[in-house]
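Structure data follow from data_16.cif (mmCIF, N, CA and C atoms):
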```cif
data_final
#
loop_
_atom_site.label_atom_id
_atom_site.label_comp_id
_atom_site.auth_asym_id
_atom_site.auth_seq_id
_atom_site.Cartn_x
_atom_site.Cartn_y
_atom_site.Cartn_z
N MET A 1 89.66 72.70 97.49
CA MET A 1 89.94 73.05 98.87
C MET A 1 89.13 74.30 99.21
N LYS A 2 88.29 74.17 100.20
CA LYS A 2 87.55 75.31 100.70
C LYS A 2 88.36 75.91 101.84
N ALA A 3 88.60 77.18 101.77
CA ALA A 3 89.44 77.84 102.77
C ALA A 3 88.67 77.98 104.08
N SER A 4 89.34 77.68 105.15
CA SER A 4 88.74 77.87 106.47
C SER A 4 88.72 79.36 106.80
N GLU A 5 87.96 79.70 107.80
CA GLU A 5 87.89 81.10 108.25
C GLU A 5 89.28 81.57 108.70
N GLN A 6 90.03 80.68 109.35
CA GLN A 6 91.38 81.03 109.82
C GLN A 6 92.30 81.33 108.64
N THR A 7 92.22 80.51 107.58
CA THR A 7 93.04 80.73 106.39
C THR A 7 92.71 82.08 105.76
N THR A 8 91.42 82.36 105.62
CA THR A 8 90.99 83.63 105.06
C THR A 8 91.51 84.80 105.89
N GLN A 9 91.42 84.68 107.20
CA GLN A 9 91.90 85.75 108.08
C GLN A 9 93.41 85.94 107.96
N GLN A 10 94.16 84.84 107.84
CA GLN A 10 95.61 84.95 107.70
C GLN A 10 95.98 85.66 106.40
N ILE A 11 95.28 85.34 105.32
CA ILE A 11 95.55 85.97 104.03
C ILE A 11 95.17 87.45 104.09
N GLU A 12 94.03 87.75 104.67
CA GLU A 12 93.60 89.15 104.79
C GLU A 12 94.58 89.96 105.62
N ARG A 13 95.10 89.37 106.69
CA ARG A 13 96.09 90.06 107.53
C ARG A 13 97.34 90.36 106.73
N ALA A 14 97.79 89.40 105.92
CA ALA A 14 98.97 89.63 105.08
C ALA A 14 98.71 90.75 104.07
N LEU A 15 97.51 90.79 103.50
CA LEU A 15 97.17 91.84 102.54
C LEU A 15 97.14 93.20 103.23
N ARG A 16 96.65 93.25 104.46
CA ARG A 16 96.65 94.52 105.20
C ARG A 16 98.08 94.99 105.46
N LYS A 17 98.98 94.06 105.74
CA LYS A 17 100.39 94.43 105.95
C LYS A 17 100.99 94.99 104.67
N ILE A 18 100.62 94.43 103.53
CA ILE A 18 101.08 94.97 102.25
C ILE A 18 100.56 96.39 102.10
N GLY A 19 99.28 96.58 102.45
CA GLY A 19 98.67 97.91 102.38
C GLY A 19 99.38 98.92 103.27
N GLN A 20 99.88 98.48 104.42
CA GLN A 20 100.61 99.37 105.32
C GLN A 20 101.95 99.78 104.71
N LYS A 21 102.55 98.91 103.92
CA LYS A 21 103.83 99.24 103.28
C LYS A 21 103.65 100.17 102.09
N PHE A 22 102.46 100.13 101.48
CA PHE A 22 102.17 100.96 100.31
C PHE A 22 100.86 101.70 100.53
N PRO A 23 100.84 102.65 101.47
CA PRO A 23 99.58 103.36 101.77
C PRO A 23 99.16 104.22 100.57
N PRO A 24 97.85 104.46 100.47
CA PRO A 24 97.35 105.31 99.38
C PRO A 24 97.98 106.70 99.42
N THR A 25 98.32 107.21 98.24
CA THR A 25 98.87 108.56 98.13
C THR A 25 98.26 109.24 96.91
N GLU A 26 98.34 110.56 96.89
CA GLU A 26 97.82 111.32 95.75
C GLU A 26 98.60 111.01 94.48
N THR A 27 99.93 110.92 94.61
CA THR A 27 100.78 110.67 93.44
C THR A 27 101.70 109.48 93.72
N PRO A 28 101.21 108.26 93.44
CA PRO A 28 102.07 107.10 93.65
C PRO A 28 103.31 107.16 92.76
N THR A 29 104.44 106.86 93.31
CA THR A 29 105.68 106.92 92.53
C THR A 29 106.38 105.58 92.44
N LEU A 30 105.98 104.63 93.24
CA LEU A 30 106.66 103.34 93.26
C LEU A 30 106.09 102.44 92.17
N LEU A 31 106.95 101.99 91.30
CA LEU A 31 106.56 101.09 90.22
C LEU A 31 106.95 99.68 90.62
N THR A 32 105.97 98.87 90.94
CA THR A 32 106.26 97.50 91.33
C THR A 32 105.02 96.64 91.18
N ASP A 33 105.23 95.35 91.12
CA ASP A 33 104.17 94.36 91.22
C ASP A 33 104.36 93.67 92.56
N ILE A 34 103.36 92.96 92.99
CA ILE A 34 103.44 92.20 94.23
C ILE A 34 103.53 90.73 93.83
N HIS A 35 104.55 90.06 94.32
CA HIS A 35 104.77 88.65 94.02
C HIS A 35 104.49 87.86 95.29
N LEU A 36 103.48 86.99 95.24
CA LEU A 36 103.16 86.13 96.38
C LEU A 36 103.76 84.76 96.11
N ARG A 37 104.61 84.32 97.02
CA ARG A 37 105.21 82.99 96.92
C ARG A 37 104.62 82.11 98.00
N VAL A 38 104.10 80.98 97.57
CA VAL A 38 103.47 80.06 98.49
C VAL A 38 104.24 78.75 98.47
N SER A 39 104.54 78.24 99.65
CA SER A 39 105.26 76.98 99.78
C SER A 39 104.30 75.89 100.23
N GLN A 40 104.21 74.85 99.42
CA GLN A 40 103.36 73.72 99.74
C GLN A 40 103.89 72.95 100.94
N GLU A 41 105.17 72.99 101.14
CA GLU A 41 105.80 72.26 102.25
C GLU A 41 105.63 72.99 103.59
N SER A 42 106.00 74.26 103.63
CA SER A 42 106.00 74.98 104.89
C SER A 42 104.70 75.74 105.16
N GLY A 43 103.87 75.92 104.12
CA GLY A 43 102.64 76.68 104.27
C GLY A 43 102.87 78.18 104.29
N GLU A 44 104.12 78.61 104.06
CA GLU A 44 104.42 80.04 104.09
C GLU A 44 103.90 80.74 102.84
N MET A 45 103.39 81.94 103.06
CA MET A 45 103.05 82.83 101.97
C MET A 45 103.87 84.09 102.18
N LEU A 46 104.75 84.38 101.24
CA LEU A 46 105.62 85.55 101.33
C LEU A 46 105.26 86.50 100.22
N ALA A 47 105.33 87.79 100.50
CA ALA A 47 105.07 88.82 99.50
C ALA A 47 106.37 89.57 99.24
N PHE A 48 106.68 89.78 97.94
CA PHE A 48 107.89 90.47 97.52
C PHE A 48 107.53 91.54 96.51
N ASP A 49 108.42 92.55 96.41
CA ASP A 49 108.28 93.53 95.33
C ASP A 49 109.11 93.06 94.14
N ASP A 50 109.17 93.87 93.09
CA ASP A 50 109.91 93.49 91.88
C ASP A 50 111.40 93.30 92.11
N ASP A 51 111.93 93.97 93.13
CA ASP A 51 113.35 93.87 93.42
C ASP A 51 113.66 92.73 94.39
N ASP A 52 112.68 91.86 94.62
CA ASP A 52 112.81 90.70 95.50
C ASP A 52 113.01 91.10 96.96
N ASN A 53 112.54 92.29 97.34
CA ASN A 53 112.55 92.70 98.73
C ASN A 53 111.29 92.16 99.40
N GLU A 54 111.48 91.51 100.53
CA GLU A 54 110.33 90.94 101.23
C GLU A 54 109.47 92.06 101.81
N ILE A 55 108.17 91.96 101.58
CA ILE A 55 107.21 92.93 102.11
C ILE A 55 106.60 92.39 103.40
N THR A 56 106.14 91.15 103.36
CA THR A 56 105.56 90.50 104.54
C THR A 56 105.54 89.00 104.32
N ARG A 57 105.22 88.30 105.39
CA ARG A 57 105.10 86.84 105.32
C ARG A 57 104.10 86.37 106.35
N CYS A 58 103.52 85.23 106.09
CA CYS A 58 102.66 84.58 107.07
C CYS A 58 102.69 83.09 106.80
N VAL A 59 102.26 82.32 107.77
CA VAL A 59 102.15 80.88 107.60
C VAL A 59 100.67 80.53 107.63
N VAL A 60 100.22 79.87 106.58
CA VAL A 60 98.84 79.41 106.51
C VAL A 60 98.87 77.95 106.95
N GLU A 61 98.42 77.72 108.17
CA GLU A 61 98.53 76.39 108.77
C GLU A 61 97.86 75.31 107.93
N GLU A 62 96.77 75.65 107.28
CA GLU A 62 96.04 74.70 106.45
C GLU A 62 96.88 74.21 105.26
N TRP A 63 97.88 74.99 104.87
CA TRP A 63 98.70 74.64 103.71
C TRP A 63 99.97 73.88 104.07
N ILE A 64 100.30 73.74 105.34
CA ILE A 64 101.53 73.07 105.75
C ILE A 64 101.46 71.59 105.35
N ASP A 65 102.51 71.14 104.66
CA ASP A 65 102.62 69.75 104.20
C ASP A 65 101.42 69.28 103.40
N ASN A 66 100.85 70.17 102.64
CA ASN A 66 99.71 69.82 101.81
C ASN A 66 100.22 69.02 100.61
N LYS A 67 99.73 67.82 100.44
CA LYS A 67 100.20 66.92 99.37
C LYS A 67 99.26 66.91 98.17
N ASP A 68 98.27 67.76 98.17
CA ASP A 68 97.28 67.81 97.10
C ASP A 68 97.96 68.13 95.77
N ASP A 69 97.64 67.34 94.74
CA ASP A 69 98.20 67.57 93.40
C ASP A 69 97.72 68.88 92.81
N ASN A 70 96.56 69.35 93.24
CA ASN A 70 95.99 70.59 92.73
C ASN A 70 96.22 71.75 93.70
N PHE A 71 97.26 71.66 94.49
CA PHE A 71 97.51 72.65 95.54
C PHE A 71 97.51 74.07 94.99
N TYR A 72 98.30 74.34 93.96
CA TYR A 72 98.42 75.71 93.46
C TYR A 72 97.13 76.19 92.79
N GLU A 73 96.39 75.30 92.15
CA GLU A 73 95.09 75.68 91.59
C GLU A 73 94.14 76.09 92.70
N ASN A 74 94.13 75.32 93.79
CA ASN A 74 93.26 75.62 94.92
C ASN A 74 93.68 76.93 95.61
N VAL A 75 94.98 77.11 95.78
CA VAL A 75 95.49 78.34 96.40
C VAL A 75 95.14 79.54 95.52
N THR A 76 95.27 79.39 94.21
CA THR A 76 94.92 80.46 93.28
C THR A 76 93.46 80.87 93.48
N SER A 77 92.58 79.89 93.56
CA SER A 77 91.16 80.17 93.74
C SER A 77 90.90 80.90 95.06
N VAL A 78 91.52 80.43 96.14
CA VAL A 78 91.34 81.04 97.45
C VAL A 78 91.85 82.47 97.45
N LEU A 79 93.05 82.68 96.91
CA LEU A 79 93.63 84.02 96.87
C LEU A 79 92.77 84.97 96.04
N ARG A 80 92.27 84.51 94.92
CA ARG A 80 91.42 85.36 94.08
C ARG A 80 90.15 85.76 94.81
N GLN A 81 89.57 84.83 95.56
CA GLN A 81 88.35 85.15 96.32
C GLN A 81 88.64 86.23 97.35
N VAL A 82 89.74 86.08 98.07
CA VAL A 82 90.09 87.06 99.10
C VAL A 82 90.42 88.40 98.45
N LEU A 83 91.19 88.38 97.37
CA LEU A 83 91.53 89.62 96.67
C LEU A 83 90.29 90.32 96.13
N LYS A 84 89.34 89.56 95.65
CA LYS A 84 88.11 90.15 95.15
C LYS A 84 87.38 90.88 96.27
N ARG A 85 87.31 90.26 97.44
CA ARG A 85 86.65 90.90 98.58
C ARG A 85 87.42 92.13 99.05
N GLN A 86 88.73 92.14 98.88
CA GLN A 86 89.58 93.24 99.33
C GLN A 86 89.93 94.21 98.20
N SER A 87 89.23 94.13 97.08
CA SER A 87 89.63 94.87 95.88
C SER A 87 89.73 96.39 96.09
N LYS A 88 88.85 96.97 96.90
CA LYS A 88 88.92 98.42 97.10
C LYS A 88 90.23 98.82 97.77
N SER A 89 90.64 98.08 98.79
CA SER A 89 91.89 98.43 99.46
C SER A 89 93.11 98.08 98.61
N ILE A 90 93.04 96.99 97.85
CA ILE A 90 94.15 96.61 96.98
C ILE A 90 94.31 97.65 95.87
N ASP A 91 93.19 98.07 95.29
CA ASP A 91 93.26 99.03 94.19
C ASP A 91 93.76 100.40 94.66
N SER A 92 93.63 100.68 95.94
CA SER A 92 94.08 101.99 96.44
C SER A 92 95.51 101.97 96.96
N LEU A 93 96.22 100.87 96.76
CA LEU A 93 97.62 100.82 97.18
C LEU A 93 98.39 101.96 96.52
N GLY A 94 99.37 102.47 97.22
CA GLY A 94 100.18 103.57 96.71
C GLY A 94 101.20 103.10 95.69
N LEU A 95 100.74 102.36 94.71
CA LEU A 95 101.60 101.86 93.64
C LEU A 95 101.17 102.48 92.32
N LEU A 96 102.14 102.74 91.47
CA LEU A 96 101.87 103.28 90.14
C LEU A 96 101.14 102.22 89.32
N LYS A 97 100.05 102.60 88.71
CA LYS A 97 99.27 101.65 87.90
C LYS A 97 99.78 101.66 86.47
N PRO A 98 99.78 100.58 85.79
CA PRO A 98 99.21 99.30 86.18
C PRO A 98 100.17 98.52 87.09
N PHE A 99 99.57 97.74 87.98
CA PHE A 99 100.35 96.79 88.77
C PHE A 99 99.55 95.50 88.89
N SER A 100 100.25 94.45 89.22
CA SER A 100 99.57 93.17 89.35
C SER A 100 100.05 92.43 90.59
N ILE A 101 99.25 91.48 90.99
CA ILE A 101 99.62 90.57 92.07
C ILE A 101 99.73 89.20 91.42
N VAL A 102 100.91 88.61 91.54
CA VAL A 102 101.23 87.37 90.85
C VAL A 102 101.53 86.28 91.87
N LEU A 103 101.02 85.08 91.62
CA LEU A 103 101.32 83.92 92.47
C LEU A 103 102.51 83.18 91.89
N GLU A 104 103.47 82.86 92.76
CA GLU A 104 104.67 82.12 92.35
C GLU A 104 104.85 80.92 93.28
N ASP A 105 105.59 79.93 92.80
CA ASP A 105 105.93 78.80 93.67
C ASP A 105 107.25 79.08 94.38
N ASP A 106 107.75 78.10 95.13
CA ASP A 106 108.98 78.28 95.91
C ASP A 106 110.18 78.67 95.05
N GLU A 107 110.18 78.23 93.78
CA GLU A 107 111.30 78.50 92.90
C GLU A 107 111.11 79.76 92.06
N LYS A 108 110.19 80.61 92.46
CA LYS A 108 109.92 81.90 91.81
C LYS A 108 109.34 81.75 90.41
N GLU A 109 108.75 80.58 90.13
CA GLU A 109 108.09 80.36 88.84
C GLU A 109 106.67 80.89 88.93
N SER A 110 106.29 81.70 87.95
CA SER A 110 104.96 82.29 87.94
C SER A 110 103.91 81.20 87.70
N ILE A 111 102.89 81.20 88.55
CA ILE A 111 101.81 80.23 88.43
C ILE A 111 100.56 80.89 87.87
N ALA A 112 100.22 82.07 88.40
CA ALA A 112 99.00 82.73 87.95
C ALA A 112 99.07 84.22 88.24
N GLU A 113 98.45 84.99 87.39
CA GLU A 113 98.28 86.40 87.64
C GLU A 113 96.95 86.52 88.37
N LEU A 114 97.01 86.90 89.63
CA LEU A 114 95.84 86.89 90.49
C LEU A 114 94.99 88.14 90.36
N TYR A 115 95.63 89.27 90.14
CA TYR A 115 94.93 90.55 90.21
C TYR A 115 95.72 91.56 89.37
N ILE A 116 95.03 92.27 88.52
CA ILE A 116 95.65 93.32 87.73
C ILE A 116 94.85 94.60 87.95
N ALA A 117 95.52 95.65 88.34
CA ALA A 117 94.87 96.95 88.53
C ALA A 117 95.48 97.95 87.55
N ASP A 118 94.62 98.54 86.74
CA ASP A 118 95.07 99.50 85.74
C ASP A 118 94.10 100.68 85.75
N GLY A 119 94.30 101.58 86.69
CA GLY A 119 93.40 102.73 86.80
C GLY A 119 92.01 102.29 87.22
N ASP A 120 91.04 102.50 86.35
CA ASP A 120 89.66 102.12 86.65
C ASP A 120 89.37 100.66 86.32
N THR A 121 90.31 99.99 85.65
CA THR A 121 90.12 98.60 85.26
C THR A 121 90.79 97.68 86.26
N ILE A 122 90.03 96.72 86.74
CA ILE A 122 90.58 95.72 87.65
C ILE A 122 90.25 94.36 87.07
N ILE A 123 91.25 93.52 86.90
CA ILE A 123 91.03 92.17 86.41
C ILE A 123 91.45 91.22 87.52
N ILE A 124 90.49 90.45 88.03
CA ILE A 124 90.79 89.58 89.15
C ILE A 124 91.14 88.18 88.68
N ASN A 125 90.74 87.80 87.49
CA ASN A 125 91.19 86.52 86.95
C ASN A 125 91.42 86.64 85.47
N ASN A 126 91.95 85.60 84.89
CA ASN A 126 92.35 85.69 83.49
C ASN A 126 91.27 85.23 82.52
N GLU A 127 90.06 84.92 82.99
CA GLU A 127 89.01 84.47 82.10
C GLU A 127 88.66 85.53 81.06
N LEU A 128 88.79 86.78 81.43
CA LEU A 128 88.51 87.87 80.50
C LEU A 128 89.47 87.83 79.31
N MET A 129 90.68 87.37 79.54
CA MET A 129 91.71 87.39 78.50
C MET A 129 91.72 86.11 77.66
N GLU A 130 90.97 85.05 78.09
CA GLU A 130 90.98 83.81 77.34
C GLU A 130 90.44 84.04 75.94
N GLY A 131 91.12 83.52 74.95
CA GLY A 131 90.68 83.64 73.57
C GLY A 131 90.98 84.97 72.92
N LEU A 132 91.62 85.89 73.65
CA LEU A 132 91.89 87.21 73.10
C LEU A 132 92.80 87.13 71.88
N ASP A 133 93.84 86.29 71.93
CA ASP A 133 94.75 86.14 70.79
C ASP A 133 94.00 85.70 69.55
N LYS A 134 93.11 84.72 69.72
CA LYS A 134 92.35 84.21 68.58
C LYS A 134 91.43 85.30 68.02
N ASP A 135 90.77 86.03 68.91
CA ASP A 135 89.89 87.11 68.47
C ASP A 135 90.67 88.18 67.70
N LEU A 136 91.84 88.54 68.20
CA LEU A 136 92.66 89.55 67.52
C LEU A 136 93.15 89.04 66.17
N ASP A 137 93.54 87.76 66.10
CA ASP A 137 93.97 87.17 64.83
C ASP A 137 92.84 87.19 63.81
N ASN A 138 91.64 86.81 64.26
CA ASN A 138 90.48 86.81 63.36
C ASN A 138 90.16 88.23 62.89
N PHE A 139 90.23 89.19 63.79
CA PHE A 139 89.97 90.58 63.44
C PHE A 139 90.98 91.05 62.38
N PHE A 140 92.26 90.77 62.62
CA PHE A 140 93.31 91.18 61.69
C PHE A 140 93.12 90.52 60.33
N GLU A 141 92.77 89.22 60.35
CA GLU A 141 92.56 88.49 59.12
C GLU A 141 91.42 89.10 58.31
N ASN A 142 90.32 89.41 58.98
CA ASN A 142 89.17 90.03 58.30
C ASN A 142 89.51 91.43 57.80
N LEU A 143 90.29 92.15 58.56
CA LEU A 143 90.71 93.49 58.16
C LEU A 143 91.57 93.44 56.91
N MET A 144 92.46 92.47 56.84
CA MET A 144 93.37 92.35 55.71
C MET A 144 92.65 91.91 54.44
N LYS A 145 91.51 91.22 54.57
CA LYS A 145 90.74 90.80 53.39
C LYS A 145 90.23 92.00 52.60
N ASP A 146 89.96 93.08 53.32
CA ASP A 146 89.41 94.28 52.68
C ASP A 146 90.48 95.07 51.91
N ILE A 147 91.72 94.76 52.12
CA ILE A 147 92.80 95.54 51.47
C ILE A 147 93.18 94.93 50.17
#
```
As structure tokens, what does this structure read like?
Amino acid sequence: MKASEQTTQQIERALRKIGQKFPPTETPTLLTDIHLRVSQESGEMLAFDDDDNEITRCVVEEWIDNKDDNFYENVTSVLRQVLKRQSKSIDSLGLLKPFSIVLEDDEKESIAELYIADGDTIIINNELMEGLDKDLDNFFENLMKDI
């Protein structure tokens, strides 16, 4: 699914509203992640903090009654693209780092970690982390051979 200009604008507007709720500060004190819940039926995208307090919501018309089997994969890709373009403003949110932006379905089940900000490190997708467990296991195994 290629996002239309209208879809991109709706997502960007929602991200700006999140930014208004958590403006940049010298000493961020709020410890929270941002949870984006997307409904395949209603097309709603809602943003919540860790305490399940609603931050903002919008309706993405392109997503209403979307029957695509790959809906959440496509939404993940679209959200990551928009987050990547907005990374400077997202990284400057007045939230204590590290924080992440997580995609969830209607039932609050985590689908994907969209964005992780940890000081100077920003991870926009999980490709960087793929195979990390195997690499660490191999490293540990080789290390233990020397003992």
Can you give me, as a list in words, the residues this file yields under the PyMOL selection byres ((chain A and resi 38-51) around 6.5)? Thr32, Asp33, Ile34, His35, Leu36, Arg37, Asp52, Asn53, Glu54, Ile55, Thr56, Arg57, Cys58, Val59, Val60, Glu61, Glu62, Trp63, Ile64, Asp65, Asn66, Leu103, Glu104, Asp105 and Asp106 of chain A
Grab the atom N of Gly94 of chain A to atom N of Pro24 of chain A distance for me, in Å with one decimal place. 4.1 Å
Sel. of strand (DSSP E or B) residues, chain A, as a compact mmCIF listing (two decimals) with N, CA and C atoms, in the coordinates of the input:
```txt
# COMPACT_ATOMS: atom_id res chain seq x y z
N LEU A 30 105.98 104.63 93.24
CA LEU A 30 106.66 103.34 93.26
C LEU A 30 106.09 102.44 92.17
N ILE A 34 103.36 92.96 92.99
CA ILE A 34 103.44 92.20 94.23
C ILE A 34 103.53 90.73 93.83
N HIS A 35 104.55 90.06 94.32
CA HIS A 35 104.77 88.65 94.02
C HIS A 35 104.49 87.86 95.29
N LEU A 36 103.48 86.99 95.24
CA LEU A 36 103.16 86.13 96.38
C LEU A 36 103.76 84.76 96.11
N ARG A 37 104.61 84.32 97.02
CA ARG A 37 105.21 82.99 96.92
C ARG A 37 104.62 82.11 98.00
N VAL A 38 104.10 80.98 97.57
CA VAL A 38 103.47 80.06 98.49
C VAL A 38 104.24 78.75 98.47
N GLU A 44 104.12 78.61 104.06
CA GLU A 44 104.42 80.04 104.09
C GLU A 44 103.90 80.74 102.84
N MET A 45 103.39 81.94 103.06
CA MET A 45 103.05 82.83 101.97
C MET A 45 103.87 84.09 102.18
N LEU A 46 104.75 84.38 101.24
CA LEU A 46 105.62 85.55 101.33
C LEU A 46 105.26 86.50 100.22
N ALA A 47 105.33 87.79 100.50
CA ALA A 47 105.07 88.82 99.50
C ALA A 47 106.37 89.57 99.24
N PHE A 48 106.68 89.78 97.94
CA PHE A 48 107.89 90.47 97.52
C PHE A 48 107.53 91.54 96.51
N GLU A 54 111.48 91.51 100.53
CA GLU A 54 110.33 90.94 101.23
C GLU A 54 109.47 92.06 101.81
N ILE A 55 108.17 91.96 101.58
CA ILE A 55 107.21 92.93 102.11
C ILE A 55 106.60 92.39 103.40
N THR A 56 106.14 91.15 103.36
CA THR A 56 105.56 90.50 104.54
C THR A 56 105.54 89.00 104.32
N ARG A 57 105.22 88.30 105.39
CA ARG A 57 105.10 86.84 105.32
C ARG A 57 104.10 86.37 106.35
N CYS A 58 103.52 85.23 106.09
CA CYS A 58 102.66 84.58 107.07
C CYS A 58 102.69 83.09 106.80
N VAL A 59 102.26 82.32 107.77
CA VAL A 59 102.15 80.88 107.60
C VAL A 59 100.67 80.53 107.63
N LEU A 95 100.74 102.36 94.71
CA LEU A 95 101.60 101.86 93.64
C LEU A 95 101.17 102.48 92.32
N PHE A 99 99.57 97.74 87.98
CA PHE A 99 100.35 96.79 88.77
C PHE A 99 99.55 95.50 88.89
N SER A 100 100.25 94.45 89.22
CA SER A 100 99.57 93.17 89.35
C SER A 100 100.05 92.43 90.59
N ILE A 101 99.25 91.48 90.99
CA ILE A 101 99.62 90.57 92.07
C ILE A 101 99.73 89.20 91.42
N VAL A 102 100.91 88.61 91.54
CA VAL A 102 101.23 87.37 90.85
C VAL A 102 101.53 86.28 91.87
N LEU A 103 101.02 85.08 91.62
CA LEU A 103 101.32 83.92 92.47
C LEU A 103 102.51 83.18 91.89
N GLU A 104 103.47 82.86 92.76
CA GLU A 104 104.67 82.12 92.35
C GLU A 104 104.85 80.92 93.28
N SER A 110 106.29 81.70 87.95
CA SER A 110 104.96 82.29 87.94
C SER A 110 103.91 81.20 87.70
N ILE A 111 102.89 81.20 88.55
CA ILE A 111 101.81 80.23 88.43
C ILE A 111 100.56 80.89 87.87
N ALA A 112 100.22 82.07 88.40
CA ALA A 112 99.00 82.73 87.95
C ALA A 112 99.07 84.22 88.24
N GLU A 113 98.45 84.99 87.39
CA GLU A 113 98.28 86.40 87.64
C GLU A 113 96.95 86.52 88.37
N LEU A 114 97.01 86.90 89.63
CA LEU A 114 95.84 86.89 90.49
C LEU A 114 94.99 88.14 90.36
N TYR A 115 95.63 89.27 90.14
CA TYR A 115 94.93 90.55 90.21
C TYR A 115 95.72 91.56 89.37
N ILE A 116 95.03 92.27 88.52
CA ILE A 116 95.65 93.32 87.73
C ILE A 116 94.85 94.60 87.95
N ALA A 117 95.52 95.65 88.34
CA ALA A 117 94.87 96.95 88.53
C ALA A 117 95.48 97.95 87.55
N ASP A 118 94.62 98.54 86.74
CA ASP A 118 95.07 99.50 85.74
C ASP A 118 94.10 100.68 85.75
N THR A 121 90.31 99.99 85.65
CA THR A 121 90.12 98.60 85.26
C THR A 121 90.79 97.68 86.26
N ILE A 122 90.03 96.72 86.74
CA ILE A 122 90.58 95.72 87.65
C ILE A 122 90.25 94.36 87.07
N ILE A 123 91.25 93.52 86.90
CA ILE A 123 91.03 92.17 86.41
C ILE A 123 91.45 91.22 87.52
```
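Between atom CA of Leu95 of chain A and atom CA of Pro28 of chain A lies a distance of 5.3 Å.
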Between atom CA of Leu96 of chain A and atom CA of Leu136 of chain A, what is the distance in Å, rounded to a tenth? 28.0 Å
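Within 6 Å of the file-frame point (95.6, 88.1, 90.8), and using only C-alpha atoms, the polymer residues found are A:Arg80, A:Ile101, A:Val102, A:Glu113, A:Leu114, A:Tyr115, A:Ile124.
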In terms of the shortest atom-to-atom distance over only C-alpha atoms, which of A:Pro98, A:Asn138, A:Ser110, A:Ser87 is closest to Gly19 of chain A? A:Ser87
Determine the nearest neighbour of Ser92 of chain A from the options A:Leu143, A:Ala117, A:Ala3, A:Ala14, counting only C-alpha atoms.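 For Ser92 of chain A, the nearest of the candidates is A:Ala117.
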What's around Leu15 of chain A at 8 Å? Count all atoms listed in the file, leave out sequence neighbours fewer than 5 positions away in its own chain, and write the answer as an MDAnalysis selection string. chainID A and resid 9:10 20:21 89:90
Can you spit out the residues from that selection as a CSV table (one decimal), in the coordinates of the input, using N, CA and C atoms?
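Result went into again.csv, see below:
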```
chain,number,residue,atom,x,y,z
A,9,GLN,N,91.4,84.7,107.2
A,9,GLN,CA,91.9,85.8,108.1
A,9,GLN,C,93.4,85.9,108.0
A,10,GLN,N,94.2,84.8,107.8
A,10,GLN,CA,95.6,85.0,107.7
A,10,GLN,C,96.0,85.7,106.4
A,20,GLN,N,99.9,98.5,104.4
A,20,GLN,CA,100.6,99.4,105.3
A,20,GLN,C,102.0,99.8,104.7
A,21,LYS,N,102.6,98.9,103.9
A,21,LYS,CA,103.8,99.2,103.3
A,21,LYS,C,103.6,100.2,102.1
A,89,SER,N,90.6,98.1,98.8
A,89,SER,CA,91.9,98.4,99.5
A,89,SER,C,93.1,98.1,98.6
A,90,ILE,N,93.0,97.0,97.8
A,90,ILE,CA,94.2,96.6,97.0
A,90,ILE,C,94.3,97.6,95.9
```
Padding 6 Å on each side, edges along x, y and z: where is the centre of the box around the listed atoms of segment 73-79 of chain A, and how long are its edges in Å to one decimal? Output it as JSON.
```
{"center_x": 93.6, "center_y": 80.1, "center_z": 94.5, "size_x": 17.5, "size_y": 21.7, "size_z": 17.9}
```
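Across A:Gln81, A:Ile18, A:Lys2, A:Glu12, the tightest approach to Leu93 of chain A is made by A:Ile18 when counting all atoms listed in the file.
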Which neighbours of Asp118 of chain A fall inside 10 Å, counting only C-alpha atoms, when residues of the same chain fewer than 5 positions from it are skipped, and could you give them as a PyMOL selection string? chain A and resi 91+96-100+123
Which residues come within 8 Å of Tyr72 of chain A, counting all atoms listed in the file, excluding same-chain residues fewer than 4 positions away, as a PyMOL selection string? chain A and resi 40+68+76-78+111-112
Under the rule that all atoms listed in the file are counted, which of A:Thr29, A:Glu109, A:Met144, A:Val82 is the nearest residue to Thr8 of chain A? A:Val82
What are the DSSP alpha helix (DSSP H) residues of chain A, as a VMD selection string? chain A and resid 5 to 21 71 to 85 87 to 91 132 to 145
